[in-house]
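Structure data follow from entry32.cif (mmCIF, C-alpha atoms):
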data_target
loop_
_atom_site.label_atom_id
_atom_site.label_comp_id
_atom_site.auth_asym_id
_atom_site.auth_seq_id
_atom_site.Cartn_x
_atom_site.Cartn_y
_atom_site.Cartn_z
CA MET A 1 104.62 83.98 83.10
CA PRO A 2 106.45 86.49 85.32
CA PHE A 3 104.90 84.84 88.36
CA ALA A 4 106.67 81.54 87.76
CA ALA A 5 109.64 83.01 89.62
CA LEU A 6 107.54 83.25 92.78
CA ALA A 7 106.72 79.54 92.69
CA ALA A 8 110.44 78.73 92.73
CA ALA A 9 111.40 81.31 95.34
CA THR A 10 113.39 80.15 98.34
CA THR A 11 111.37 82.01 100.96
CA PRO A 12 107.84 80.97 101.95
CA THR A 13 106.80 84.62 102.07
CA ALA A 14 107.27 84.86 98.29
CA HIS A 15 103.76 83.43 98.07
CA ILE A 16 102.41 86.40 100.04
CA GLY A 17 102.12 89.68 98.17
CA LEU A 18 101.52 93.20 99.41
CA GLY A 19 98.40 95.01 98.22
CA LEU A 20 98.40 98.81 98.46
CA ALA A 21 94.64 99.47 98.49
CA ALA A 22 94.64 100.48 102.17
CA VAL A 23 97.48 103.02 102.07
CA GLY A 24 97.28 104.84 98.74
CA ARG A 25 94.25 106.98 99.64
CA PRO A 26 92.77 108.36 102.88
CA GLY A 27 89.52 106.38 102.72
CA TYR A 28 88.93 102.65 102.33
CA ILE A 29 86.47 100.02 103.57
CA ASN A 30 88.87 98.01 105.77
CA LEU A 31 87.87 97.99 109.43
CA HIS A 32 89.77 100.03 112.05
CA ARG A 33 91.74 102.24 109.70
CA ASP A 34 91.31 104.94 112.35
CA ARG A 35 93.66 102.87 114.52
CA ASP A 36 96.04 101.91 111.75
CA LEU A 37 96.73 105.23 110.02
CA PRO A 38 97.64 108.69 111.33
CA ALA A 39 94.79 111.12 111.86
CA ASP A 40 96.34 113.48 109.33
CA ARG A 41 96.26 111.32 106.20
CA ASP A 42 97.77 113.86 103.85
CA PRO A 43 99.73 112.53 100.85
CA ASP A 44 103.07 112.88 102.61
CA ALA A 45 101.89 110.77 105.54
CA LEU A 46 100.55 108.00 103.33
CA ARG A 47 103.61 108.16 101.09
CA ALA A 48 105.81 107.58 104.14
CA ARG A 49 103.58 104.72 105.33
CA THR A 50 103.60 103.08 101.90
CA HIS A 51 107.39 103.28 101.69
CA GLU A 52 107.71 101.87 105.21
CA LEU A 53 105.51 98.92 104.26
CA LEU A 54 107.41 98.29 101.04
CA ASP A 55 110.74 98.33 102.90
CA ALA A 56 109.41 95.87 105.48
CA ALA A 57 107.87 93.63 102.83
CA TYR A 58 110.98 93.40 100.69
CA ALA A 59 113.22 92.78 103.71
CA GLN A 60 111.00 89.85 104.73
CA GLY A 61 110.92 88.14 101.35
CA VAL A 62 107.78 89.54 99.72
CA ARG A 63 108.31 89.79 95.97
CA TYR A 64 104.91 90.77 94.56
CA VAL A 65 103.27 94.19 94.98
CA ASP A 66 99.70 94.82 93.80
CA THR A 67 98.26 98.27 93.13
CA ALA A 68 95.65 99.96 90.91
CA ARG A 69 94.82 103.24 89.22
CA SER A 70 91.93 103.69 91.67
CA TYR A 71 94.07 103.32 94.79
CA GLY A 72 94.53 107.05 95.11
CA ARG A 73 98.25 107.80 94.68
CA ALA A 74 99.47 104.25 95.34
CA GLU A 75 101.08 103.85 91.92
CA GLU A 76 102.90 107.14 92.44
CA PHE A 77 104.13 106.14 95.89
CA LEU A 78 105.31 102.76 94.58
CA ALA A 79 107.07 104.36 91.62
CA GLU A 80 108.98 106.72 93.90
CA TRP A 81 110.06 103.83 96.07
CA LEU A 82 111.16 101.74 93.08
CA ASN A 83 113.08 104.62 91.50
CA ALA A 84 115.08 105.02 94.71
CA ARG A 85 115.96 101.30 94.72
CA PRO A 86 117.07 100.35 91.20
CA SER A 87 118.78 97.18 92.44
CA PHE A 88 115.45 95.62 93.50
CA THR A 89 114.95 94.03 90.10
CA ASP A 90 113.33 90.85 91.44
CA LEU A 91 110.18 92.62 92.64
CA VAL A 92 107.13 91.79 90.49
CA VAL A 93 104.67 94.68 90.07
CA GLY A 94 101.02 94.33 89.14
CA SER A 95 98.46 97.08 88.69
CA LYS A 96 94.85 97.33 87.59
CA TRP A 97 92.73 99.55 85.37
CA GLY A 98 88.96 100.00 85.08
CA TYR A 99 88.16 102.14 88.13
CA THR A 100 88.92 105.86 88.34
CA TYR A 101 89.60 107.41 91.75
CA THR A 102 87.15 110.30 92.22
CA ALA A 103 87.25 111.16 95.94
CA ASP A 104 89.81 113.98 95.56
CA TRP A 105 91.53 112.87 98.78
CA SER A 106 88.36 113.17 100.85
CA VAL A 107 87.01 110.45 103.12
CA GLU A 108 83.60 112.11 102.95
CA ALA A 109 83.22 111.89 99.16
CA GLU A 110 79.90 110.53 97.91
CA HIS A 111 81.66 108.33 95.35
CA HIS A 112 85.24 107.19 95.84
CA GLU A 113 85.72 105.47 92.50
CA VAL A 114 83.86 105.05 89.20
CA LYS A 115 83.96 101.84 87.17
CA ASP A 116 84.35 101.83 83.39
CA HIS A 117 85.76 98.96 81.33
CA SER A 118 85.74 100.80 78.00
CA LEU A 119 88.64 100.89 75.56
CA ALA A 120 88.96 104.64 76.09
CA THR A 121 89.40 104.16 79.83
CA PHE A 122 92.00 101.46 79.24
CA GLU A 123 94.02 103.70 76.92
CA ARG A 124 93.92 106.61 79.35
CA GLN A 125 94.75 104.61 82.44
CA TYR A 126 97.42 102.48 80.79
CA ALA A 127 99.21 105.67 79.72
CA GLU A 128 98.97 106.96 83.29
CA THR A 129 100.30 103.70 84.72
CA ARG A 130 103.14 103.53 82.20
CA GLU A 131 104.15 107.12 82.96
CA LEU A 132 104.60 106.19 86.62
CA LEU A 133 105.80 102.59 86.56
CA GLY A 134 107.47 102.37 83.15
CA ASP A 135 108.94 98.99 82.35
CA ARG A 136 108.57 97.85 85.96
CA LEU A 137 104.94 96.95 85.19
CA SER A 138 104.74 93.16 84.82
CA LEU A 139 100.99 92.55 85.14
CA TYR A 140 98.02 94.73 84.12
CA GLN A 141 94.64 93.50 85.31
CA VAL A 142 91.09 94.48 84.43
CA HIS A 143 89.73 95.66 87.77
CA SER A 144 86.68 93.97 89.28
CA VAL A 145 85.25 92.04 86.35
CA THR A 146 81.68 90.77 86.69
CA PRO A 147 79.95 88.41 84.25
CA ASP A 148 78.37 91.31 82.31
CA SER A 149 81.62 93.27 81.90
CA PRO A 150 82.48 94.47 78.37
CA ALA A 151 86.05 93.43 79.18
CA LEU A 152 84.90 89.89 78.35
CA THR A 153 83.22 90.71 75.03
CA ASP A 154 84.47 94.00 73.51
CA LYS A 155 86.53 92.84 70.52
CA GLU A 156 88.43 96.12 70.13
CA LEU A 157 89.38 96.10 73.80
CA LEU A 158 90.34 92.43 73.74
CA ASP A 159 92.54 93.00 70.68
CA ARG A 160 94.25 95.91 72.46
CA LEU A 161 94.84 93.78 75.55
CA ALA A 162 96.30 91.05 73.35
CA ALA A 163 98.66 93.61 71.84
CA LEU A 164 99.73 94.58 75.35
CA ALA A 165 100.46 90.93 76.12
CA ALA A 166 102.47 90.66 72.90
CA ASP A 167 104.57 93.58 74.16
CA GLY A 168 105.48 91.58 77.25
CA VAL A 169 102.99 92.74 79.88
CA THR A 170 100.95 89.87 81.30
CA VAL A 171 97.19 90.51 81.09
CA GLY A 172 94.95 89.43 83.96
CA LEU A 173 91.69 90.27 85.66
CA SER A 174 90.27 90.65 89.13
CA THR A 175 86.73 89.69 90.07
CA SER A 176 84.21 90.72 92.69
CA GLY A 177 80.63 90.07 93.69
CA PRO A 178 78.57 86.91 94.14
CA GLY A 179 79.07 86.01 90.46
CA GLN A 180 82.85 85.64 90.71
CA ALA A 181 82.80 82.02 89.52
CA ASP A 182 80.79 82.92 86.42
CA ALA A 183 83.16 85.78 85.60
CA ILE A 184 86.22 83.54 85.99
CA ARG A 185 84.78 80.83 83.76
CA ALA A 186 83.80 83.41 81.14
CA ALA A 187 87.35 84.81 81.25
CA LEU A 188 88.82 81.34 80.72
CA ALA A 189 86.86 81.13 77.45
CA VAL A 190 88.20 84.44 76.09
CA THR A 191 90.67 83.98 73.25
CA VAL A 192 92.28 86.30 70.72
CA ASP A 193 93.52 84.71 67.50
CA GLY A 194 92.98 81.33 69.11
CA GLU A 195 95.13 82.06 72.17
CA PRO A 196 93.89 82.50 75.75
CA LEU A 197 94.08 86.17 76.75
CA PHE A 198 94.04 86.19 80.55
CA ARG A 199 97.03 84.63 82.31
CA THR A 200 96.20 85.59 85.91
CA VAL A 201 93.02 85.89 87.92
CA GLN A 202 92.67 87.77 91.19
CA ALA A 203 89.62 86.89 93.27
CA THR A 204 88.17 87.24 96.75
CA TYR A 205 88.45 84.06 98.78
CA ASN A 206 88.41 83.72 102.56
CA ALA A 207 86.84 81.67 105.34
CA LEU A 208 83.54 83.49 104.87
CA GLU A 209 83.40 83.59 101.06
CA THR A 210 84.54 80.41 99.31
CA SER A 211 82.19 80.31 96.33
CA ALA A 212 84.89 81.00 93.72
CA ALA A 213 87.03 78.02 94.76
CA PRO A 214 85.93 75.54 92.04
CA ALA A 215 86.40 78.14 89.31
CA LEU A 216 89.78 79.14 90.72
CA ALA A 217 90.83 75.49 90.64
CA GLU A 218 89.77 75.38 86.99
CA ALA A 219 91.79 78.53 86.29
CA HIS A 220 94.83 77.02 87.97
CA ASP A 221 94.43 73.82 85.96
CA ALA A 222 94.24 75.94 82.79
CA GLY A 223 97.64 77.44 83.60
CA LEU A 224 96.63 80.76 85.13
CA THR A 225 98.30 82.14 88.23
CA VAL A 226 95.68 82.67 90.96
CA ILE A 227 96.07 85.74 93.17
CA VAL A 228 93.81 85.89 96.22
CA LYS A 229 92.62 89.19 97.64
CA GLU A 230 90.65 90.01 100.79
CA GLY A 231 91.80 86.90 102.61
CA MET A 232 90.86 88.60 105.87
CA ALA A 233 87.47 89.82 104.60
CA ASN A 234 88.39 93.51 104.94
CA GLY A 235 89.34 93.01 108.58
CA ARG A 236 86.44 90.81 109.68
CA LEU A 237 88.86 87.90 110.28
CA ALA A 238 91.59 89.86 112.05
CA GLY A 239 92.19 91.05 115.62
CA ASP A 240 89.28 91.27 117.99
CA GLU A 241 86.86 91.16 115.05
CA ALA A 242 87.87 87.56 114.27
CA PRO A 243 85.45 84.75 115.17
CA ALA A 244 86.28 82.82 118.34
CA VAL A 245 87.52 79.78 116.41
CA PHE A 246 90.16 81.93 114.71
CA GLN A 247 91.32 83.27 118.02
CA GLU A 248 91.51 79.77 119.50
CA ILE A 249 93.56 78.36 116.63
CA ALA A 250 95.77 81.45 116.65
CA ALA A 251 96.43 81.18 120.37
CA GLY A 252 97.44 77.56 119.98
CA ALA A 253 99.82 78.39 117.15
CA GLY A 254 101.27 81.46 118.83
CA VAL A 255 100.18 83.79 116.00
CA GLY A 256 97.39 86.25 115.32
CA GLY A 257 94.02 85.48 113.78
CA ASP A 258 95.16 87.26 110.62
CA ALA A 259 97.87 84.64 110.09
CA VAL A 260 95.30 81.86 110.46
CA ALA A 261 93.03 83.55 107.92
CA LEU A 262 95.80 83.82 105.35
CA ALA A 263 97.12 80.33 106.13
CA LEU A 264 93.72 78.90 105.22
CA VAL A 265 94.08 80.50 101.79
CA LEU A 266 97.70 79.43 101.35
CA HIS A 267 96.62 75.84 101.97
CA GLN A 268 94.44 75.87 98.85
CA PRO A 269 96.32 73.96 96.13
CA TRP A 270 95.35 76.50 93.48
CA ALA A 271 96.52 79.60 95.38
CA GLY A 272 99.63 81.10 93.79
CA VAL A 273 99.92 84.47 95.56
CA VAL A 274 97.91 85.61 98.59
CA LEU A 275 97.72 89.35 99.22
CA SER A 276 98.30 91.06 102.53
CA GLY A 277 96.41 94.32 102.81
CA ALA A 278 98.43 95.48 105.80
CA ALA A 279 98.36 99.15 106.77
CA THR A 280 101.22 98.92 109.30
CA ALA A 281 104.56 97.14 109.37
CA ALA A 282 103.43 95.24 112.47
CA GLN A 283 100.34 93.98 110.64
CA LEU A 284 102.49 92.88 107.73
CA SER A 285 104.82 90.91 109.99
CA GLY A 286 101.81 89.25 111.59
CA ASN A 287 100.36 88.39 108.19
CA LEU A 288 103.64 86.81 107.07
CA HIS A 289 103.44 84.29 109.90
CA ALA A 290 100.74 82.62 107.79
CA ALA A 291 103.52 80.94 105.81
CA VAL A 292 104.43 78.73 108.79
CA VAL A 293 100.94 77.98 110.17
CA ASP A 294 99.77 74.40 109.73
CA LEU A 295 96.05 73.65 109.94
CA ASP A 296 94.91 70.12 110.68
CA ASP A 297 91.72 68.55 109.35
CA GLU A 298 89.75 69.31 112.50
CA GLN A 299 90.75 72.96 112.43
CA ARG A 300 89.89 73.28 108.76
CA ALA A 301 86.50 71.73 109.40
CA SER A 302 85.83 74.24 112.18
CA LEU A 303 86.69 77.09 109.80
CA ASP A 304 84.50 75.61 107.07
CA ALA A 305 81.53 76.11 109.35
CA LEU A 306 81.92 79.90 109.04
CA VAL A 307 81.07 80.07 105.33
CA GLU A 308 78.35 82.56 104.42
CA GLU A 309 76.05 82.60 101.42
CA PRO A 310 77.77 84.67 98.70
CA GLU A 311 74.89 87.13 98.35
CA ALA A 312 74.91 87.78 102.10
CA TYR A 313 78.68 88.18 102.19
CA TRP A 314 78.75 90.70 99.34
CA ARG A 315 75.75 92.58 100.70
CA HIS A 316 77.62 93.00 104.00
CA ARG A 317 80.77 94.10 102.19
CA ALA A 318 78.84 96.66 100.15
CA GLY A 319 77.57 98.16 103.41
CA LEU A 320 81.01 98.74 104.91
CA PRO A 321 81.68 102.47 105.33
CA TRP A 322 84.69 104.21 103.79
CA HIS A 323 86.76 104.95 106.89
#

Would you mind writing the structure in this file as C-alpha cells?
Amino acid sequence: MPFAALAAATTPTAHIGLGLAAVGRPGYINLHRDRDLPADRDPDALRARTHELLDAAYAQGVRYVDTARSYGRAEEFLAEWLNARPSFTDLVVGSKWGYTYTADWSVEAEHHEVKDHSLATFERQYAETRELLGDRLSLYQVHSVTPDSPALTDKELLDRLAALAADGVTVGLSTSGPGQADAIRAALAVTVDGEPLFRTVQATYNALETSAAPALAEAHDAGLTVIVKEGMANGRLAGDEAPAVFQEIAAGAGVGGDAVALALVLHQPWAGVVLSGAATAAQLSGNLHAAVVDLDDEQRASLDALVEEPEAYWRHRAGLPWH
C-alpha cells in the first residue's frame, strides 16, 4: 500500500491531502468560487493557481495529491509541477477515471462531464493519465461508483484493473450519492482470482452527510485506506456559510469553521487521508489547522445534530450551480 507511508509520517498534515477539483477547470460546484479565483480563469491563470497551491501544500507537509481525468487540465498542471521538481519523490499521486470533461473550458456548458465506466473508457483515460503522470501515478480510482456501476461487475474490466494492480498501481474507487454504503460494501466483495481488487475507497463524509460511516469502518477493518472527500460539503461548512455551531467552536479554538469541519473527519478512527479542496493558499493554510483541533464530546454531540437525511443532502448537492 503506497499510503502506508502517510500513516507513519512525522507531520500531522500528512493525513490531509490536496484535491484539485476546484482549480483544474473554470467551473465547479463549490460555493463562492467567484471570490476565490480570478475573473479571467484562462488555463494560464488556473495553472499558476494550481502550482501555487501545490507549493504551499508541499511546504506545509501535505504528501497526497488527488486529481482526475474530469478535472479539466488538473492532471496536466500537476504533471508540469512534478516535472519541475524531480526531488519531490515522497509525494503520493492519485487520479481517477470514469468521467470525461466535456465543458470545453466554459462555465456555461450544459454538461460539464459525462460518466462512463466501460472498459473502453478505462483504456482511453488510463493512456491519457499515463502520458501526463508517467510512473508518478500511485493510485488509480474508478470515479464516482454507485451500486449499479459496471465497475463492480464487468469481468473484463475487473481483470484489466487487476492487471494494473499487478503492475504496481494501486486500484481504488470513489463513491457518491445516497447509496454510498451499498457501493462500498459491494466493492469490498469484488475479487479477482480470489484476491480483493480495491485497496482504497474515497467517499463523501462530513457533518451533514455521515451515512457511509459504518461501511467506511468496514473498509478500514478490511485493510483499505479510506480517503474522505467533501469534508466541507462543497463550502456549506466553511466561512460565513457554516452553521452557527461551527463558528462558535472555531472562535473558541482560534481557527476557521473549515478547520473544525475537517477536524471532525480526522477524528474518525477509519479516516486515513482527508482531502482539502482549497482554491487559495490561504484556504489551504486554514484547512491544515484541522490537524491540531481537538473536539470534546459535547462539541461532537452538537455537530451530530446537524446530520441530514442522505437523500436530502444529495438532492441539495445536485442542485448546486457550476460557478

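What separates atom CA of A:Gly72 from atom CA of A:Gly24 is a distance of 5.1 Å.
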
- Tell me which of A:Ala151, A:Ala166, A:Leu46, A:Leu119 sits closest to A:Trp105, counting only C-alpha atoms.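 Using only C-alpha atoms, the shortest distance to A:Trp105 belongs to A:Leu46.
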
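Using only C-alpha atoms for every distance, the candidate list A:Tyr71, A:Tyr313, A:Tyr205, A:Phe246 yields A:Tyr71 as the residue closest to A:Thr102.
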
- Item | Shortest interatomic distance to A:Val226 - which of A:Arg315, A:Arg199, A:Arg73, A:His32, counting all atoms listed in the file | A:Arg199

- Message: Suppose a student applies the PyMOL selection byres ((chain A and resi 295-297) around 9) to this structure; what residues should they get, written as a ChimeraX atom specification?
- Response: /A:249,260,263-264,267,293-294,298-302

- Item | Residue neighbourhood stretch 179-196 of chain A, 7 Å, only C-alpha atoms, exclusion window fewer than 3 positions, as a ChimeraX atom specification | /A:145-147,152,159,162,175-176,212,215,219

- Item | Selection: 6 Å around stretch 233-244 of chain A, only C-alpha atoms, excl. self and same-chain fewer than 3 positions, as a PyMOL selection string | chain A and resi 30-31+230+247+257-258

- Task: Take the point (91.6, 103.8, 100.2) in the file's coordinates, draw a sphere of radius 10 Å around it, and report as a ChimeraX atom specification every protein, DNA or RNA residue with an atom inside or on it, counting all atoms listed in the file.
- Result: /A:20-30,33,70-74,101,103,105-107,112-113,322-323

- So what do you get for atom CA of A:Glu311 versus atom CA of A:Thr204, distance-wise?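 We find that atom CA of A:Glu311 and atom CA of A:Thr204 lie 13.4 Å from each other.
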
- With only C-alpha atoms counted, which protein, DNA or RNA residues have an atom no more than 12 Å from (98.9, 81.8, 88.2) in the file frame? Please answer as a PyMOL selection string. chain A and resi 1-7+15+139+170-173+198-203+216-228+269-274

- Message: the PyMOL selection byres ((chain A and resi 88) around 12) - which residues does that actually catch in the file I just gave you? List them as a list in words.
- Response: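 That expression, the PyMOL selection byres ((chain A and resi 88) around 12), corresponds here to Leu54, Asp55, Tyr58, Ala59, Gly61, Val62, Arg63, Tyr64, Trp81, Leu82, Asn83, Ala84, Arg85, Pro86, Ser87, Thr89, Asp90, Leu91, Val92, Val93 and Arg136 of chain A.
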
- Quick one, how far is atom CA of A:Val265 from atom CA of A:Leu288? 12.6 Å

Can you give me, as a short mmCIF file (atom, residue, chain, number, x, y, z; two decimals) with C-alpha atoms, in the coordinates of the input, the residues this file yields under the PyMOL selection byres ((chain A and resi 38) around 12)?
data_model
loop_
_atom_site.label_atom_id
_atom_site.label_comp_id
_atom_site.auth_asym_id
_atom_site.auth_seq_id
_atom_site.Cartn_x
_atom_site.Cartn_y
_atom_site.Cartn_z
CA VAL A 23 97.48 103.02 102.07
CA PRO A 26 92.77 108.36 102.88
CA HIS A 32 89.77 100.03 112.05
CA ARG A 33 91.74 102.24 109.70
CA ASP A 34 91.31 104.94 112.35
CA ARG A 35 93.66 102.87 114.52
CA ASP A 36 96.04 101.91 111.75
CA LEU A 37 96.73 105.23 110.02
CA ALA A 39 94.79 111.12 111.86
CA ASP A 40 96.34 113.48 109.33
CA ARG A 41 96.26 111.32 106.20
CA ASP A 42 97.77 113.86 103.85
CA PRO A 43 99.73 112.53 100.85
CA ASP A 44 103.07 112.88 102.61
CA ALA A 45 101.89 110.77 105.54
CA LEU A 46 100.55 108.00 103.33
CA ARG A 47 103.61 108.16 101.09
CA ALA A 48 105.81 107.58 104.14
CA ARG A 49 103.58 104.72 105.33
CA ALA A 279 98.36 99.15 106.77
CA THR A 280 101.22 98.92 109.30
#

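Residue nearest A:Pro178, chosen from A:Ala165, A:Val114, A:Ala318, A:Leu275 and counting all atoms listed in the file: A:Ala318.
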
Residue neighbourhood A:Ala259, 7 Å, only C-alpha atoms, exclusion window fewer than 5 positions, as a compact mmCIF listing (two decimals) with C-alpha atoms, in the coordinates of the input:
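New file part.txt:
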# COMPACT_ATOMS: atom_id res chain seq x y z
CA GLY A 286 101.81 89.25 111.59
CA ASN A 287 100.36 88.39 108.19
CA LEU A 288 103.64 86.81 107.07
CA HIS A 289 103.44 84.29 109.90
CA ALA A 290 100.74 82.62 107.79

Fill-in result for stretch 105-134 of chain A, N, CA and C atoms as a PDB file, in the frame of the given file:
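That gives us part.pdb:
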ATOM      1  N   TRP A 105      90.858 112.963  97.466  1.00  0.00           N
ATOM      2  CA  TRP A 105      91.530 112.870  98.780  1.00  0.00           C
ATOM      3  C   TRP A 105      90.605 113.195  99.946  1.00  0.00           C
ATOM      4  N   SER A 106      89.323 112.933  99.785  1.00  0.00           N
ATOM      5  CA  SER A 106      88.360 113.170 100.850  1.00  0.00           C
ATOM      6  C   SER A 106      87.721 111.853 101.284  1.00  0.00           C
ATOM      7  N   VAL A 107      87.676 111.639 102.594  1.00  0.00           N
ATOM      8  CA  VAL A 107      87.010 110.450 103.120  1.00  0.00           C
ATOM      9  C   VAL A 107      85.492 110.607 103.022  1.00  0.00           C
ATOM     10  N   GLU A 108      85.030 111.829 102.948  1.00  0.00           N
ATOM     11  CA  GLU A 108      83.600 112.110 102.950  1.00  0.00           C
ATOM     12  C   GLU A 108      82.986 112.134 101.554  1.00  0.00           C
ATOM     13  N   ALA A 109      83.738 111.829 100.533  1.00  0.00           N
ATOM     14  CA  ALA A 109      83.220 111.890  99.160  1.00  0.00           C
ATOM     15  C   ALA A 109      82.028 110.955  98.988  1.00  0.00           C
ATOM     16  N   GLU A 110      81.069 111.376  98.161  1.00  0.00           N
ATOM     17  CA  GLU A 110      79.900 110.530  97.910  1.00  0.00           C
ATOM     18  C   GLU A 110      80.293 109.284  97.124  1.00  0.00           C
ATOM     19  N   HIS A 111      81.173 109.455  96.147  1.00  0.00           N
ATOM     20  CA  HIS A 111      81.660 108.330  95.350  1.00  0.00           C
ATOM     21  C   HIS A 111      83.187 108.357  95.350  1.00  0.00           C
ATOM     22  N   HIS A 112      83.787 107.249  95.744  1.00  0.00           N
ATOM     23  CA  HIS A 112      85.240 107.190  95.840  1.00  0.00           C
ATOM     24  C   HIS A 112      85.899 106.695  94.555  1.00  0.00           C
ATOM     25  N   GLU A 113      85.161 105.967  93.739  1.00  0.00           N
ATOM     26  CA  GLU A 113      85.720 105.470  92.500  1.00  0.00           C
ATOM     27  C   GLU A 113      84.573 105.166  91.528  1.00  0.00           C
ATOM     28  N   VAL A 114      84.856 105.276  90.245  1.00  0.00           N
ATOM     29  CA  VAL A 114      83.860 105.050  89.200  1.00  0.00           C
ATOM     30  C   VAL A 114      84.393 103.973  88.262  1.00  0.00           C
ATOM     31  N   LYS A 115      83.569 102.978  87.990  1.00  0.00           N
ATOM     32  CA  LYS A 115      83.960 101.840  87.170  1.00  0.00           C
ATOM     33  C   LYS A 115      83.627 102.067  85.710  1.00  0.00           C
ATOM     34  N   ASP A 116      84.571 101.722  84.829  1.00  0.00           N
ATOM     35  CA  ASP A 116      84.350 101.830  83.390  1.00  0.00           C
ATOM     36  C   ASP A 116      85.366 100.942  82.684  1.00  0.00           C
ATOM     37  N   HIS A 117      84.879  99.896  82.018  1.00  0.00           N
ATOM     38  CA  HIS A 117      85.760  98.960  81.330  1.00  0.00           C
ATOM     39  C   HIS A 117      85.814  99.211  79.821  1.00  0.00           C
ATOM     40  N   SER A 118      85.704 100.463  79.425  1.00  0.00           N
ATOM     41  CA  SER A 118      85.740 100.800  78.000  1.00  0.00           C
ATOM     42  C   SER A 118      87.177 100.856  77.496  1.00  0.00           C
ATOM     43  N   LEU A 119      87.326 100.762  76.180  1.00  0.00           N
ATOM     44  CA  LEU A 119      88.640 100.890  75.560  1.00  0.00           C
ATOM     45  C   LEU A 119      89.249 102.250  75.848  1.00  0.00           C
ATOM     46  N   ALA A 120      88.440 103.294  75.830  1.00  0.00           N
ATOM     47  CA  ALA A 120      88.960 104.640  76.090  1.00  0.00           C
ATOM     48  C   ALA A 120      89.547 104.739  77.496  1.00  0.00           C
ATOM     49  N   THR A 121      88.870 104.141  78.464  1.00  0.00           N
ATOM     50  CA  THR A 121      89.400 104.160  79.830  1.00  0.00           C
ATOM     51  C   THR A 121      90.700 103.372  79.914  1.00  0.00           C
ATOM     52  N   PHE A 122      90.748 102.220  79.249  1.00  0.00           N
ATOM     53  CA  PHE A 122      92.000 101.460  79.240  1.00  0.00           C
ATOM     54  C   PHE A 122      93.143 102.293  78.688  1.00  0.00           C
ATOM     55  N   GLU A 123      92.948 102.934  77.540  1.00  0.00           N
ATOM     56  CA  GLU A 123      94.020 103.700  76.920  1.00  0.00           C
ATOM     57  C   GLU A 123      94.496 104.829  77.828  1.00  0.00           C
ATOM     58  N   ARG A 124      93.541 105.520  78.445  1.00  0.00           N
ATOM     59  CA  ARG A 124      93.920 106.610  79.350  1.00  0.00           C
ATOM     60  C   ARG A 124      94.667 106.102  80.570  1.00  0.00           C
ATOM     61  N   GLN A 125      94.136 105.063  81.193  1.00  0.00           N
ATOM     62  CA  GLN A 125      94.750 104.610  82.440  1.00  0.00           C
ATOM     63  C   GLN A 125      96.061 103.863  82.190  1.00  0.00           C
ATOM     64  N   TYR A 126      96.153 103.148  81.086  1.00  0.00           N
ATOM     65  CA  TYR A 126      97.420 102.480  80.790  1.00  0.00           C
ATOM     66  C   TYR A 126      98.520 103.512  80.572  1.00  0.00           C
ATOM     67  N   ALA A 127      98.215 104.607  79.903  1.00  0.00           N
ATOM     68  CA  ALA A 127      99.210 105.670  79.720  1.00  0.00           C
ATOM     69  C   ALA A 127      99.622 106.251  81.064  1.00  0.00           C
ATOM     70  N   GLU A 128      98.660 106.423  81.961  1.00  0.00           N
ATOM     71  CA  GLU A 128      98.970 106.960  83.290  1.00  0.00           C
ATOM     72  C   GLU A 128      99.848 105.990  84.087  1.00  0.00           C
ATOM     73  N   THR A 129      99.514 104.708  84.019  1.00  0.00           N
ATOM     74  CA  THR A 129     100.300 103.700  84.720  1.00  0.00           C
ATOM     75  C   THR A 129     101.719 103.629  84.162  1.00  0.00           C
ATOM     76  N   ARG A 130     101.825 103.612  82.845  1.00  0.00           N
ATOM     77  CA  ARG A 130     103.140 103.530  82.200  1.00  0.00           C
ATOM     78  C   ARG A 130     104.016 104.737  82.552  1.00  0.00           C
ATOM     79  N   GLU A 131     103.393 105.914  82.629  1.00  0.00           N
ATOM     80  CA  GLU A 131     104.150 107.120  82.960  1.00  0.00           C
ATOM     81  C   GLU A 131     104.803 106.991  84.343  1.00  0.00           C
ATOM     82  N   LEU A 132     104.089 106.334  85.252  1.00  0.00           N
ATOM     83  CA  LEU A 132     104.600 106.190  86.620  1.00  0.00           C
ATOM     84  C   LEU A 132     105.519 104.979  86.767  1.00  0.00           C
ATOM     85  N   LEU A 133     105.096 103.844  86.281  1.00  0.00           N
ATOM     86  CA  LEU A 133     105.800 102.590  86.560  1.00  0.00           C
ATOM     87  C   LEU A 133     106.727 102.145  85.436  1.00  0.00           C
ATOM     88  N   GLY A 134     106.577 102.704  84.250  1.00  0.00           N
ATOM     89  CA  GLY A 134     107.470 102.370  83.150  1.00  0.00           C
ATOM     90  C   GLY A 134     107.557 100.882  82.895  1.00  0.00           C
TER      91      GLY A 134
END
